[in-house]
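Trainee: My structure file protein10.cif, mmCIF, C-alpha atoms, is below:
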data_data
loop_
_atom_site.label_atom_id
_atom_site.label_comp_id
_atom_site.auth_asym_id
_atom_site.auth_seq_id
_atom_site.Cartn_x
_atom_site.Cartn_y
_atom_site.Cartn_z
CA LYS A 9 -52.60 -7.89 -27.99
CA THR A 10 -51.96 -4.37 -29.22
CA SER A 11 -49.82 -2.37 -26.81
CA LYS A 12 -50.95 1.02 -25.56
CA ALA A 13 -47.98 2.63 -27.30
CA SER A 14 -48.83 0.97 -30.61
CA LYS A 15 -52.48 1.91 -30.27
CA THR A 16 -51.58 5.54 -29.61
CA SER A 17 -49.15 5.63 -32.53
CA SER A 18 -51.65 4.09 -34.93
CA SER A 19 -54.44 6.45 -33.91
CA ASN A 20 -52.24 9.48 -34.61
CA THR A 21 -50.59 8.35 -37.84
CA PRO A 22 -51.71 10.46 -40.79
CA ILE A 23 -49.97 8.28 -43.39
CA PRO A 24 -52.47 6.02 -45.25
CA LYS A 25 -51.84 2.29 -45.05
CA PHE A 26 -49.19 2.80 -42.37
CA SER A 27 -49.16 -0.02 -39.84
CA VAL A 28 -47.54 -0.46 -36.46
CA THR A 29 -46.22 -3.93 -35.76
CA THR A 30 -45.74 -5.17 -32.22
CA LYS A 31 -42.96 -7.73 -31.95
CA LEU A 32 -40.08 -8.34 -29.60
CA VAL A 33 -36.95 -6.93 -31.23
CA GLU A 34 -34.92 -9.95 -30.19
CA GLN A 35 -37.26 -12.11 -32.28
CA LEU A 36 -36.41 -10.29 -35.51
CA LYS A 37 -34.43 -12.33 -38.01
CA PRO A 38 -31.89 -11.12 -40.61
CA ALA A 39 -34.49 -11.64 -43.35
CA ASP A 40 -36.82 -9.22 -41.53
CA LEU A 41 -34.30 -6.39 -41.60
CA ASP A 42 -31.98 -6.97 -44.55
CA GLY A 43 -32.54 -3.94 -46.81
CA ALA A 44 -35.80 -3.13 -45.03
CA ALA A 45 -34.98 0.49 -44.18
CA ASP A 46 -32.43 3.22 -44.80
CA LEU A 47 -32.79 4.55 -41.25
CA TRP A 48 -32.98 2.78 -37.92
CA THR A 49 -34.02 4.74 -34.82
CA LEU A 50 -33.35 2.99 -31.54
CA SER A 51 -34.19 3.76 -27.93
CA PRO A 52 -33.32 0.63 -25.91
CA PRO A 53 -34.78 0.18 -22.40
CA CYS A 54 -33.07 2.59 -20.04
CA GLN A 55 -33.56 0.63 -16.81
CA PRO A 56 -30.21 -1.23 -17.02
CA PHE A 57 -28.40 2.12 -17.10
CA THR A 58 -30.51 4.57 -15.11
CA THR A 59 -28.88 6.15 -12.09
CA THR A 60 -32.06 6.90 -10.13
CA LYS A 61 -32.26 5.80 -6.51
CA GLY A 62 -32.80 2.07 -6.13
CA ALA A 63 -31.81 1.24 -9.72
CA LYS A 64 -29.98 -2.08 -9.98
CA GLN A 65 -27.80 -0.93 -12.92
CA LEU A 66 -27.22 -4.47 -14.18
CA ASP A 67 -25.89 -3.17 -17.49
CA ALA A 68 -25.18 -6.04 -19.93
CA ASP A 69 -26.54 -8.61 -17.47
CA ASP A 70 -30.04 -7.11 -17.56
CA LYS A 71 -32.44 -9.24 -19.59
CA ARG A 72 -33.99 -6.09 -21.05
CA ASN A 73 -30.89 -5.73 -23.21
CA ALA A 74 -31.97 -8.74 -25.28
CA GLY A 75 -33.36 -6.43 -27.96
CA ILE A 76 -30.27 -4.30 -28.54
CA LYS A 77 -28.03 -7.37 -28.36
CA GLY A 78 -30.22 -9.10 -30.94
CA LEU A 79 -30.06 -6.09 -33.26
CA MET A 80 -26.29 -6.00 -33.01
CA ASN A 81 -26.12 -9.64 -34.06
CA VAL A 82 -28.47 -9.03 -36.99
CA LEU A 83 -26.61 -5.90 -38.09
CA LYS A 84 -23.39 -7.89 -38.36
CA VAL A 85 -24.81 -10.45 -40.79
CA ILE A 86 -27.27 -8.62 -43.02
CA HIS A 87 -25.95 -7.64 -46.45
CA GLN A 88 -27.90 -4.42 -47.01
CA LYS A 89 -27.37 -2.49 -43.81
CA PRO A 90 -29.19 0.75 -42.96
CA LYS A 91 -27.41 3.86 -44.23
CA TRP A 92 -28.14 5.71 -40.99
CA ILE A 93 -28.74 4.80 -37.34
CA LEU A 94 -29.85 7.09 -34.49
CA LEU A 95 -29.73 5.69 -30.96
CA GLU A 96 -30.95 7.46 -27.82
CA ASN A 97 -30.64 6.53 -24.16
CA VAL A 98 -30.19 7.95 -20.68
CA LYS A 99 -26.94 9.59 -19.62
CA GLY A 100 -26.07 6.46 -17.62
CA PHE A 101 -25.67 4.56 -20.90
CA VAL A 102 -22.31 6.33 -21.26
CA GLY A 103 -19.49 4.05 -20.14
CA SER A 104 -21.69 0.96 -20.06
CA GLN A 105 -20.68 -2.48 -21.28
CA VAL A 106 -23.53 -2.39 -23.79
CA LEU A 107 -22.25 0.85 -25.30
CA SER A 108 -18.81 -0.75 -25.61
CA MET A 109 -20.44 -3.64 -27.47
CA TRP A 110 -22.23 -1.11 -29.70
CA TYR A 111 -18.93 0.59 -30.57
CA ASP A 112 -17.43 -2.76 -31.55
CA THR A 113 -20.45 -3.54 -33.74
CA LEU A 114 -20.21 -0.18 -35.51
CA VAL A 115 -16.53 -0.69 -36.26
CA GLN A 116 -17.12 -4.23 -37.53
CA CYS A 117 -20.00 -3.09 -39.75
CA GLY A 118 -18.25 -0.07 -41.25
CA TYR A 119 -19.98 2.87 -39.56
CA SER A 120 -18.64 6.25 -38.52
CA TRP A 121 -20.41 8.06 -35.74
CA LYS A 122 -20.78 11.15 -33.59
CA GLU A 123 -22.02 11.35 -30.00
CA TYR A 124 -23.96 13.98 -28.08
CA LEU A 125 -25.13 14.65 -24.54
CA LEU A 126 -28.04 17.09 -24.87
CA SER A 127 -30.88 18.50 -22.79
CA PRO A 128 -34.08 20.28 -23.89
CA THR A 129 -32.89 23.33 -21.94
CA GLN A 130 -30.34 23.88 -24.73
CA VAL A 131 -33.16 24.64 -27.16
CA GLY A 132 -35.13 26.79 -24.73
CA VAL A 133 -37.46 24.07 -23.44
CA PRO A 134 -37.95 24.33 -19.63
CA ASN A 135 -37.21 20.72 -18.75
CA HIS A 136 -34.13 18.86 -17.61
CA ARG A 137 -33.80 15.66 -19.61
CA THR A 138 -30.15 15.07 -20.47
CA ARG A 139 -29.89 12.18 -22.91
CA TYR A 140 -27.16 10.41 -24.83
CA TYR A 141 -27.43 10.36 -28.64
CA ILE A 142 -25.23 8.63 -31.19
CA ILE A 143 -25.70 9.16 -34.93
CA CYS A 144 -24.10 6.64 -37.29
CA GLU A 145 -23.52 6.57 -41.06
CA HIS A 146 -22.58 3.46 -43.06
CA ASN A 147 -19.62 3.31 -45.44
CA SER A 148 -18.73 6.88 -44.60
CA LYS A 149 -15.70 8.74 -43.27
CA ARG A 150 -17.91 11.65 -42.34
CA TRP A 151 -16.77 11.35 -38.76
CA ASN A 152 -13.28 10.04 -38.11
CA ASN A 153 -13.60 7.50 -35.34
CA SER A 154 -10.89 5.56 -33.60
CA SER A 155 -10.65 3.55 -30.42
CA SER A 156 -9.24 6.60 -28.62
CA GLU A 157 -12.25 8.70 -29.62
CA LYS A 158 -14.93 6.43 -28.19
CA GLY A 159 -16.89 8.33 -25.60
CA THR A 160 -15.99 11.75 -27.00
CA PHE A 161 -19.19 13.76 -26.76
CA SER A 162 -20.43 17.04 -28.06
CA THR A 163 -22.60 18.99 -25.63
CA GLY A 164 -23.46 21.70 -28.16
CA LEU A 165 -26.33 21.58 -30.60
CA PRO A 166 -25.51 19.60 -33.75
CA GLY A 167 -23.83 21.05 -36.81
CA ILE A 168 -25.62 23.79 -38.71
CA LEU A 169 -28.06 24.13 -35.83
CA GLU A 170 -25.50 25.65 -33.45
CA GLY A 171 -26.86 29.15 -33.92
CA ASN A 172 -29.24 28.94 -30.94
CA GLY A 173 -26.80 30.23 -28.36
CA ALA A 174 -24.84 26.97 -28.19
CA ALA A 175 -22.07 27.77 -30.64
CA ASP A 176 -20.45 30.29 -28.28
CA GLY A 177 -21.14 28.21 -25.19
CA SER A 178 -23.99 30.38 -23.91
CA VAL A 179 -27.30 28.95 -22.77
CA PRO A 180 -30.58 30.09 -24.35
CA THR A 181 -33.30 31.45 -22.13
CA CYS A 182 -35.91 28.79 -21.48
CA GLN A 183 -39.54 29.57 -22.17
CA PRO A 184 -41.68 30.17 -19.06
CA LEU A 185 -43.99 27.31 -18.21
CA SER A 186 -46.96 29.58 -18.86
CA THR A 187 -46.20 28.93 -22.54
CA TYR A 188 -47.28 25.32 -22.01
CA VAL A 189 -49.77 25.45 -19.11
CA GLN A 190 -53.49 25.10 -19.80
CA CYS A 191 -56.17 27.22 -18.11
CA LEU A 192 -58.31 24.44 -16.67
CA LYS A 193 -61.80 24.80 -15.33
CA VAL A 194 -62.26 23.77 -11.70
CA ASP A 195 -63.89 20.44 -12.56
CA ASP A 196 -61.22 19.65 -15.15
CA ARG A 197 -58.45 20.04 -12.56
CA GLN A 198 -59.72 17.30 -10.25
CA PRO A 199 -57.88 14.28 -11.77
CA TYR A 200 -54.55 16.11 -11.43
CA LEU A 201 -54.84 17.80 -8.00
CA LEU A 202 -52.92 16.62 -4.97
CA SER A 203 -55.26 15.74 -2.12
CA ASP A 204 -55.23 17.49 1.24
CA ASP A 205 -54.10 14.21 2.81
CA THR A 206 -51.04 14.21 0.56
CA LEU A 207 -50.21 17.82 1.38
CA ARG A 208 -50.33 16.97 5.10
CA LYS A 209 -47.50 14.46 4.71
CA ASP A 210 -44.14 15.50 6.12
CA TRP A 211 -42.46 14.74 2.81
CA ALA A 212 -44.83 16.95 0.81
CA LYS A 213 -42.64 20.01 1.34
CA GLU A 214 -39.73 18.18 -0.31
CA LEU A 215 -41.53 17.77 -3.62
CA SER A 216 -40.61 19.90 -6.60
CA PHE A 217 -43.21 22.63 -7.07
CA VAL A 218 -42.95 25.12 -9.93
CA THR A 219 -45.24 27.93 -11.02
CA PRO A 220 -46.30 29.06 -14.50
CA GLU A 221 -43.73 31.86 -14.34
CA ASP A 222 -40.85 29.47 -13.68
CA SER A 223 -38.67 28.29 -16.53
CA ILE A 224 -37.34 24.89 -15.47
CA THR A 225 -38.69 21.51 -14.35
CA TYR A 226 -37.31 18.17 -13.26
CA CYS A 227 -37.20 15.31 -15.75
CA PHE A 228 -40.65 13.74 -16.23
CA THR A 229 -40.42 9.95 -16.08
CA ALA A 230 -42.75 7.02 -16.68
CA ALA A 231 -43.51 7.01 -12.94
CA TYR A 232 -44.98 10.53 -12.95
CA GLY A 233 -48.57 9.31 -12.79
CA ARG A 234 -48.08 7.03 -9.79
CA ILE A 235 -45.13 8.28 -7.72
CA LEU A 236 -44.87 11.68 -6.06
CA HIS A 237 -41.16 12.50 -5.99
CA LYS A 238 -38.99 15.12 -7.62
CA ALA A 239 -37.17 12.28 -9.41
CA SER A 240 -40.35 11.53 -11.38
CA GLY A 241 -41.09 15.14 -12.32
CA SER A 242 -42.15 18.55 -11.06
CA LEU A 243 -45.61 19.51 -9.86
CA LEU A 244 -47.44 22.71 -10.79
CA LEU A 245 -48.43 25.29 -8.20
CA MET A 246 -51.29 27.26 -9.71
CA PRO A 247 -51.99 30.93 -8.92
CA ALA A 248 -54.23 31.81 -6.02
CA LYS A 249 -57.87 32.51 -6.80
CA ASN A 250 -58.42 35.77 -8.69
CA SER A 251 -54.74 35.86 -9.69
CA SER A 252 -53.52 35.70 -13.25
CA LEU A 253 -51.85 32.57 -14.57
CA THR A 254 -48.36 33.97 -14.15
CA THR A 255 -48.58 35.60 -10.71
CA ALA A 256 -48.20 32.63 -8.39
CA THR A 257 -45.18 33.21 -6.16
CA SER A 258 -42.45 30.59 -6.10
CA THR A 259 -39.77 30.62 -3.44
CA ASN A 260 -36.37 29.23 -4.39
CA SER A 261 -37.34 29.24 -8.05
CA PRO A 262 -34.49 29.14 -10.52
CA SER A 263 -33.80 32.01 -12.84
CA PRO A 264 -34.27 31.36 -16.57
CA SER A 265 -30.51 30.99 -16.93
CA ALA A 266 -30.13 28.50 -14.09
CA VAL A 267 -30.27 25.31 -16.08
CA THR A 268 -28.02 22.85 -14.27
CA GLU A 269 -29.91 19.75 -13.23
CA SER A 270 -29.11 20.28 -9.57
CA SER A 271 -30.67 23.75 -9.57
CA THR A 272 -34.29 22.83 -10.29
CA SER A 273 -36.63 24.38 -7.79
CA THR A 274 -37.75 22.30 -4.85
CA ARG A 275 -40.32 24.56 -3.33
CA GLY A 276 -41.36 24.59 0.28
CA SER A 277 -38.22 24.19 2.39
CA GLU A 278 -39.63 26.91 4.67
CA ASP A 279 -43.30 26.08 3.94
CA ASN A 280 -44.00 23.49 6.62
CA ASN A 281 -47.75 23.98 6.29
CA MET A 282 -48.34 22.75 2.76
CA LEU A 283 -52.10 22.86 3.28
CA ARG A 284 -51.90 26.57 2.49
CA TYR A 285 -51.65 25.40 -1.14
CA ALA A 286 -54.68 23.12 -1.01
CA GLY A 287 -56.53 23.04 -4.31
CA ARG A 288 -53.61 24.67 -6.12
CA VAL A 289 -51.00 21.92 -6.52
CA ARG A 290 -51.45 19.50 -9.39
CA ARG A 291 -49.62 17.32 -11.84
CA PHE A 292 -49.04 18.70 -15.30
CA THR A 293 -51.68 17.32 -17.66
CA PRO A 294 -50.68 14.88 -20.43
CA LYS A 295 -51.40 17.60 -23.01
CA GLU A 296 -49.08 20.02 -21.22
CA LEU A 297 -46.32 17.42 -21.06
CA LEU A 298 -46.76 16.51 -24.73
CA SER A 299 -46.27 20.18 -25.53
CA ILE A 300 -43.10 20.37 -23.40
CA PHE A 301 -41.84 17.22 -25.12
CA GLY A 302 -42.36 18.83 -28.52
CA PHE A 303 -45.14 16.61 -29.85
CA PRO A 304 -47.68 18.01 -32.33
CA SER A 305 -50.53 19.90 -30.69
CA ASP A 306 -53.11 17.59 -32.26
CA LEU A 307 -51.63 14.38 -30.83
CA THR A 308 -54.17 12.63 -28.60
CA PHE A 309 -54.49 9.41 -26.62
CA PRO A 310 -57.23 6.90 -27.38
CA ASN A 311 -60.08 7.19 -24.89
CA ASP A 312 -59.49 3.75 -23.41
CA ILE A 313 -55.92 4.51 -22.23
CA PRO A 314 -56.00 5.38 -18.49
CA LEU A 315 -54.38 8.58 -17.24
CA GLU A 316 -51.55 6.75 -15.47
CA HIS A 317 -50.62 4.94 -18.68
CA GLN A 318 -50.68 8.21 -20.61
CA TYR A 319 -48.06 9.56 -18.22
CA LYS A 320 -46.07 6.34 -18.60
CA LEU A 321 -46.05 6.60 -22.40
CA ILE A 322 -44.91 10.22 -22.25
CA GLY A 323 -42.19 9.48 -19.70
CA ASN A 324 -40.89 6.62 -21.85
CA SER A 325 -40.78 8.79 -24.97
CA VAL A 326 -38.22 11.32 -26.22
CA ASN A 327 -38.09 15.07 -26.51
CA VAL A 328 -39.10 15.55 -30.13
CA THR A 329 -37.52 19.01 -30.37
CA VAL A 330 -34.08 17.69 -29.42
CA VAL A 331 -34.33 14.49 -31.47
CA SER A 332 -35.35 16.48 -34.55
CA ARG A 333 -32.16 18.53 -34.23
CA VAL A 334 -30.03 15.40 -33.96
CA ALA A 335 -31.85 13.67 -36.83
CA THR A 336 -31.38 16.75 -39.03
CA GLU A 337 -27.63 16.54 -38.47
CA LEU A 338 -27.64 12.83 -39.30
CA LEU A 339 -29.61 13.26 -42.53
CA LEU A 340 -27.88 16.47 -43.56
CA THR A 341 -26.60 15.04 -46.81
CA ILE A 342 -30.11 14.44 -48.16
CA ILE A 343 -31.75 17.50 -46.55
CA LEU A 344 -29.49 20.10 -48.16
#
Would you mind writing the file's structure down as structure tokens?
Mentor:
Amino acid sequence: KTSKASKTSSSNTPIPKFSVTTKLVEQLKPADLDGAADLWTLSPPCQPFTTTKGAKQLDADDKRNAGIKGLMNVLKVIHQKPKWILLENVKGFVGSQVLSMWYDTLVQCGYSWKEYLLSPTQVGVPNHRTRYYIICEHNSKRWNNSSSEKGTFSTGLPGILEGNGAADGSVPTCQPLSTYVQCLKVDDRQPYLLSDDTLRKDWAKELSFVTPEDSITYCFTAAYGRILHKASGSLLLMPAKNSSLTTATSTNSPSPSAVTESSTSTRGSEDNNMLRYAGRVRRFTPKELLSIFGFPSDLTFPNDIPLEHQYKLIGNSVNVTVVSRVATELLLTIIL
């Protein structure tokens, strides 16, 4: 059965004769990967390492690590190893047993590496999504690694790309959300609007509401389409009727320079009557989120993928803008 992710990828791939294969990574054999590619990009399941409320954080004992463990075993025995590897995961991956195993594998296989902790806010994107990245190069002393340097991270933008306010430690101004928000017709808003019953709930005022003029949002996760909580992503408060897109007021909204993850606006602490915003509070649309995540504007989902699954696919993806910066640093030797 073709997965929804594979179906979406295939439907948006412009390369002729390009195919997407669905197979459990742990089922791959050395013969499948020996000399098969110069670059491996990895994003192992984050659930064993996530720090969200209720997470079990089983680390190496989580069965969902079977894939990355299998790849480590294959990497050790294949003769023609990939020249480059880029791995991404949540911040909680740092200090994990699995990361320690990954370090050991890299040393055994002759890789040097560099590590980053980066957020889209560092490239002006109004979304908190701090992620761990490690770029690796085979048979190279490009980065001098030793046991004492494991877990030494850069929080600035990679290499030649440090000119965007990160080189001197300053933070770039994030774009206002109006850059990404669509002007939806009334009927088109319905699938995304919060119901009056939801706004009546006592906990509604604790949700994260942002306006088009704000310049920060909480991290959007795979649960955004089914769970209403600031931990799954911010909601959009649209302007009142007859107001322009950027004139909705937002109490407690962060300034463009306030980009620490704890500072994201949670609107409504003094707004006990959330029904005053009836018909104006909605989820961001998949298209808006794809834009925030840096995907091409022409990327679309197949018609048979339900809205909730579209949100899940986006939440499980990566910020393309940030990853492109990291990948550019990794492949610098062939780009220049």
Trainee: Output as CSV one row per residue of segment 90-153 of chain A within 10 Å of segment 331-342 of chain A: the closest atom pair and its distance in Å to one decimal place, counting only C-alpha atoms, sorted by chain and residue number ascending.
Mentor:
residue,atom,partner,partner_atom,distance
A:Lys91,CA,A:Leu339,CA,9.8
A:Trp92,CA,A:Leu338,CA,7.3
A:Ile93,CA,A:Leu338,CA,8.3
A:Leu94,CA,A:Ala335,CA,7.3
A:Leu95,CA,A:Val331,CA,9.9
A:Glu96,CA,A:Val331,CA,8.6
A:Trp121,CA,A:Leu338,CA,9.4
A:Lys122,CA,A:Leu338,CA,9.1
A:Glu123,CA,A:Val334,CA,9.8
A:Tyr124,CA,A:Val334,CA,8.6
A:Leu126,CA,A:Val334,CA,9.5
A:Pro128,CA,A:Val331,CA,9.5
A:Val131,CA,A:Arg333,CA,9.4
A:Arg139,CA,A:Val331,CA,9.9
A:Tyr141,CA,A:Val334,CA,7.8
A:Ile142,CA,A:Val334,CA,8.7
A:Ile143,CA,A:Leu338,CA,6.0
A:Cys144,CA,A:Leu338,CA,7.4
A:Glu145,CA,A:Leu338,CA,7.7
Trainee: If you keep C-alpha atoms, can you produce a file of those selected residues as a compact mmCIF listing (two decimals), in the frame of the given file?
Mentor:
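Ended up saving to again_7.txt:
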# COMPACT_ATOMS: atom_id res chain seq x y z
CA LYS A 91 -27.41 3.86 -44.23
CA TRP A 92 -28.14 5.71 -40.99
CA ILE A 93 -28.74 4.80 -37.34
CA LEU A 94 -29.85 7.09 -34.49
CA LEU A 95 -29.73 5.69 -30.96
CA GLU A 96 -30.95 7.46 -27.82
CA TRP A 121 -20.41 8.06 -35.74
CA LYS A 122 -20.78 11.15 -33.59
CA GLU A 123 -22.02 11.35 -30.00
CA TYR A 124 -23.96 13.98 -28.08
CA LEU A 126 -28.04 17.09 -24.87
CA PRO A 128 -34.08 20.28 -23.89
CA VAL A 131 -33.16 24.64 -27.16
CA ARG A 139 -29.89 12.18 -22.91
CA TYR A 141 -27.43 10.36 -28.64
CA ILE A 142 -25.23 8.63 -31.19
CA ILE A 143 -25.70 9.16 -34.93
CA CYS A 144 -24.10 6.64 -37.29
CA GLU A 145 -23.52 6.57 -41.06
Trainee: Any chance you could work out the residue set of the PyMOL selection byres ((chain A and resi 65-76) around 8) here, as a list in words?
Mentor: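 Matching residues under the PyMOL selection byres ((chain A and resi 65-76) around 8) are Leu32, Val33, Glu34, Pro52, Pro53, Gln55, Pro56, Phe57, Thr58, Thr59, Ala63, Lys64, Lys77, Gly78, Leu79, Met80, Ser104, Gln105 and Val106 of chain A.
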Trainee: One number please: atom CA of Ala44 of chain A to atom CA of Val82 of chain A, in Å, one decimal.
Mentor: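 Here the two named atoms are 12.4 Å from each other.
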Trainee: Can you translate the PyMOL selection byres ((chain A and resi 185) around 8) into the concrete residues it hits in this file, as a list of chain:residue names?
Mentor: A:Pro134, A:Gln183, A:Pro184, A:Ser186, A:Thr187, A:Tyr188, A:Val189, A:Thr219, A:Pro220, A:Glu221, A:Asp222, A:Ser223, A:Ile224
Trainee: Considering all atoms listed in the file, state which residue in the set A:Asp210, A:Glu316, A:Asp205, A:Glu296 is at the smallest distance from Ile235 of chain A.
Mentor: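 The answer is A:Glu316, which sits nearest to Ile235 of chain A.
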Trainee: Can you give me, as number ranges by chain, the residues this file yields under the PyMOL selection byres ((chain A and resi 11-23) around 12)?
Mentor: A: 9-10, 24-32, 303-325
Trainee: What is the atom CA of Lys89 of chain A to atom CA of Asp46 of chain A distance in Å?
Mentor: 7.7 Å
Trainee: Between atom CA of Gln130 of chain A and atom CA of Pro180 of chain A, what is the distance, to one decimal in Å?
Mentor: 6.2 Å
Trainee: Go through A:Leu244, A:Val330, A:Phe301, A:Ser203 and flag the residue nearest Leu283 of chain A, using all atoms listed in the file for the distances.
Mentor: A:Ser203
Trainee: Measuring atom to atom with all atoms listed in the file, identify which of A:Arg197, A:Leu50, A:Thr163, A:Leu243 is nearest to Trp110 of chain A.
Mentor: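 Among A:Arg197, A:Leu50, A:Thr163, A:Leu243, it is A:Leu50 that comes nearest to Trp110 of chain A.
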Trainee: Using all atoms listed in the file for the distances, tell me which of A:Tyr285, A:Tyr119, A:Tyr111, A:Tyr140 is nearest to Cys54 of chain A.
Mentor: A:Tyr140
Trainee: Write out as a VMD selection string which residues come within 12 Å of Ala239 of chain A when counting all atoms listed in the file, dropping same-chain ones fewer than 5 positions away.
Mentor: chain A and resid 58 to 62 136 to 137 214 to 216 225 to 232 269 to 270 272 274 323
Trainee: Could you extract segment 220-227 of chain A of the given structure into a file holding all heavy atoms, as a PDB file, in the first residue's frame?
Mentor:
ATOM      1  N   PRO A 220      -2.262  38.214  11.793  1.00  0.00           N
ATOM      2  CA  PRO A 220      -1.404  38.374  10.615  1.00  0.00           C
ATOM      3  C   PRO A 220      -0.257  39.358  10.819  1.00  0.00           C
ATOM      4  O   PRO A 220       0.754  39.274  10.122  1.00  0.00           O
ATOM      5  CB  PRO A 220      -2.378  38.874   9.545  1.00  0.00           C
ATOM      6  CG  PRO A 220      -3.697  38.304   9.950  1.00  0.00           C
ATOM      7  CD  PRO A 220      -3.698  38.377  11.453  1.00  0.00           C
ATOM      8  N   GLU A 221      -0.391  40.277  11.763  1.00  0.00           N
ATOM      9  CA  GLU A 221       0.683  41.243  11.972  1.00  0.00           C
ATOM     10  C   GLU A 221       1.759  40.733  12.930  1.00  0.00           C
ATOM     11  O   GLU A 221       2.817  41.346  13.062  1.00  0.00           O
ATOM     12  CB  GLU A 221       0.124  42.574  12.473  1.00  0.00           C
ATOM     13  CG  GLU A 221      -0.492  42.499  13.857  1.00  0.00           C
ATOM     14  CD  GLU A 221      -1.071  43.842  14.293  1.00  0.00           C
ATOM     15  OE1 GLU A 221      -1.031  44.797  13.511  1.00  0.00           O
ATOM     16  OE2 GLU A 221      -1.558  43.915  15.428  1.00  0.00           O
ATOM     17  N   ASP A 222       1.505  39.618  13.591  1.00  0.00           N
ATOM     18  CA  ASP A 222       2.509  39.029  14.468  1.00  0.00           C
ATOM     19  C   ASP A 222       3.633  38.392  13.661  1.00  0.00           C
ATOM     20  O   ASP A 222       3.484  38.117  12.462  1.00  0.00           O
ATOM     21  CB  ASP A 222       1.879  37.985  15.398  1.00  0.00           C
ATOM     22  CG  ASP A 222       1.051  38.620  16.512  1.00  0.00           C
ATOM     23  OD1 ASP A 222       1.447  39.712  16.977  1.00  0.00           O
ATOM     24  OD2 ASP A 222       0.031  38.035  16.904  1.00  0.00           O
ATOM     25  N   SER A 223       4.732  38.119  14.337  1.00  0.00           N
ATOM     26  CA  SER A 223       5.899  37.603  13.617  1.00  0.00           C
ATOM     27  C   SER A 223       6.530  36.413  14.335  1.00  0.00           C
ATOM     28  O   SER A 223       7.740  36.230  14.297  1.00  0.00           O
ATOM     29  CB  SER A 223       6.941  38.719  13.427  1.00  0.00           C
ATOM     30  OG  SER A 223       7.277  39.281  14.685  1.00  0.00           O
ATOM     31  N   ILE A 224       5.691  35.597  14.978  1.00  0.00           N
ATOM     32  CA  ILE A 224       6.196  34.378  15.610  1.00  0.00           C
ATOM     33  C   ILE A 224       5.035  33.420  15.822  1.00  0.00           C
ATOM     34  O   ILE A 224       3.888  33.846  15.983  1.00  0.00           O
ATOM     35  CB  ILE A 224       6.914  34.677  16.940  1.00  0.00           C
ATOM     36  CG1 ILE A 224       7.909  33.571  17.293  1.00  0.00           C
ATOM     37  CG2 ILE A 224       5.922  34.903  18.068  1.00  0.00           C
ATOM     38  CD1 ILE A 224       9.070  33.458  16.326  1.00  0.00           C
ATOM     39  N   THR A 225       5.306  32.130  15.788  1.00  0.00           N
ATOM     40  CA  THR A 225       4.303  31.102  16.052  1.00  0.00           C
ATOM     41  C   THR A 225       4.955  29.951  16.792  1.00  0.00           C
ATOM     42  O   THR A 225       6.174  29.767  16.738  1.00  0.00           O
ATOM     43  CB  THR A 225       3.688  30.535  14.744  1.00  0.00           C
ATOM     44  OG1 THR A 225       4.759  30.107  13.878  1.00  0.00           O
ATOM     45  CG2 THR A 225       2.828  31.558  14.036  1.00  0.00           C
ATOM     46  N   TYR A 226       4.132  29.172  17.483  1.00  0.00           N
ATOM     47  CA  TYR A 226       4.621  27.943  18.092  1.00  0.00           C
ATOM     48  C   TYR A 226       4.922  26.906  17.009  1.00  0.00           C
ATOM     49  O   TYR A 226       4.416  26.995  15.886  1.00  0.00           O
ATOM     50  CB  TYR A 226       3.586  27.363  19.058  1.00  0.00           C
ATOM     51  CG  TYR A 226       3.637  27.928  20.454  1.00  0.00           C
ATOM     52  CD1 TYR A 226       2.676  28.845  20.886  1.00  0.00           C
ATOM     53  CD2 TYR A 226       4.627  27.548  21.348  1.00  0.00           C
ATOM     54  CE1 TYR A 226       2.705  29.368  22.172  1.00  0.00           C
ATOM     55  CE2 TYR A 226       4.671  28.065  22.632  1.00  0.00           C
ATOM     56  CZ  TYR A 226       3.705  28.973  23.042  1.00  0.00           C
ATOM     57  OH  TYR A 226       3.751  29.488  24.309  1.00  0.00           O
ATOM     58  N   CYS A 227       5.714  25.933  17.380  1.00  0.00           N
ATOM     59  CA  CYS A 227       6.068  24.838  16.476  1.00  0.00           C
ATOM     60  C   CYS A 227       4.811  24.078  16.042  1.00  0.00           C
ATOM     61  O   CYS A 227       3.994  23.685  16.883  1.00  0.00           O
ATOM     62  CB  CYS A 227       7.038  23.888  17.186  1.00  0.00           C
ATOM     63  SG  CYS A 227       7.535  22.462  16.198  1.00  0.00           S
TER      64      CYS A 227
END
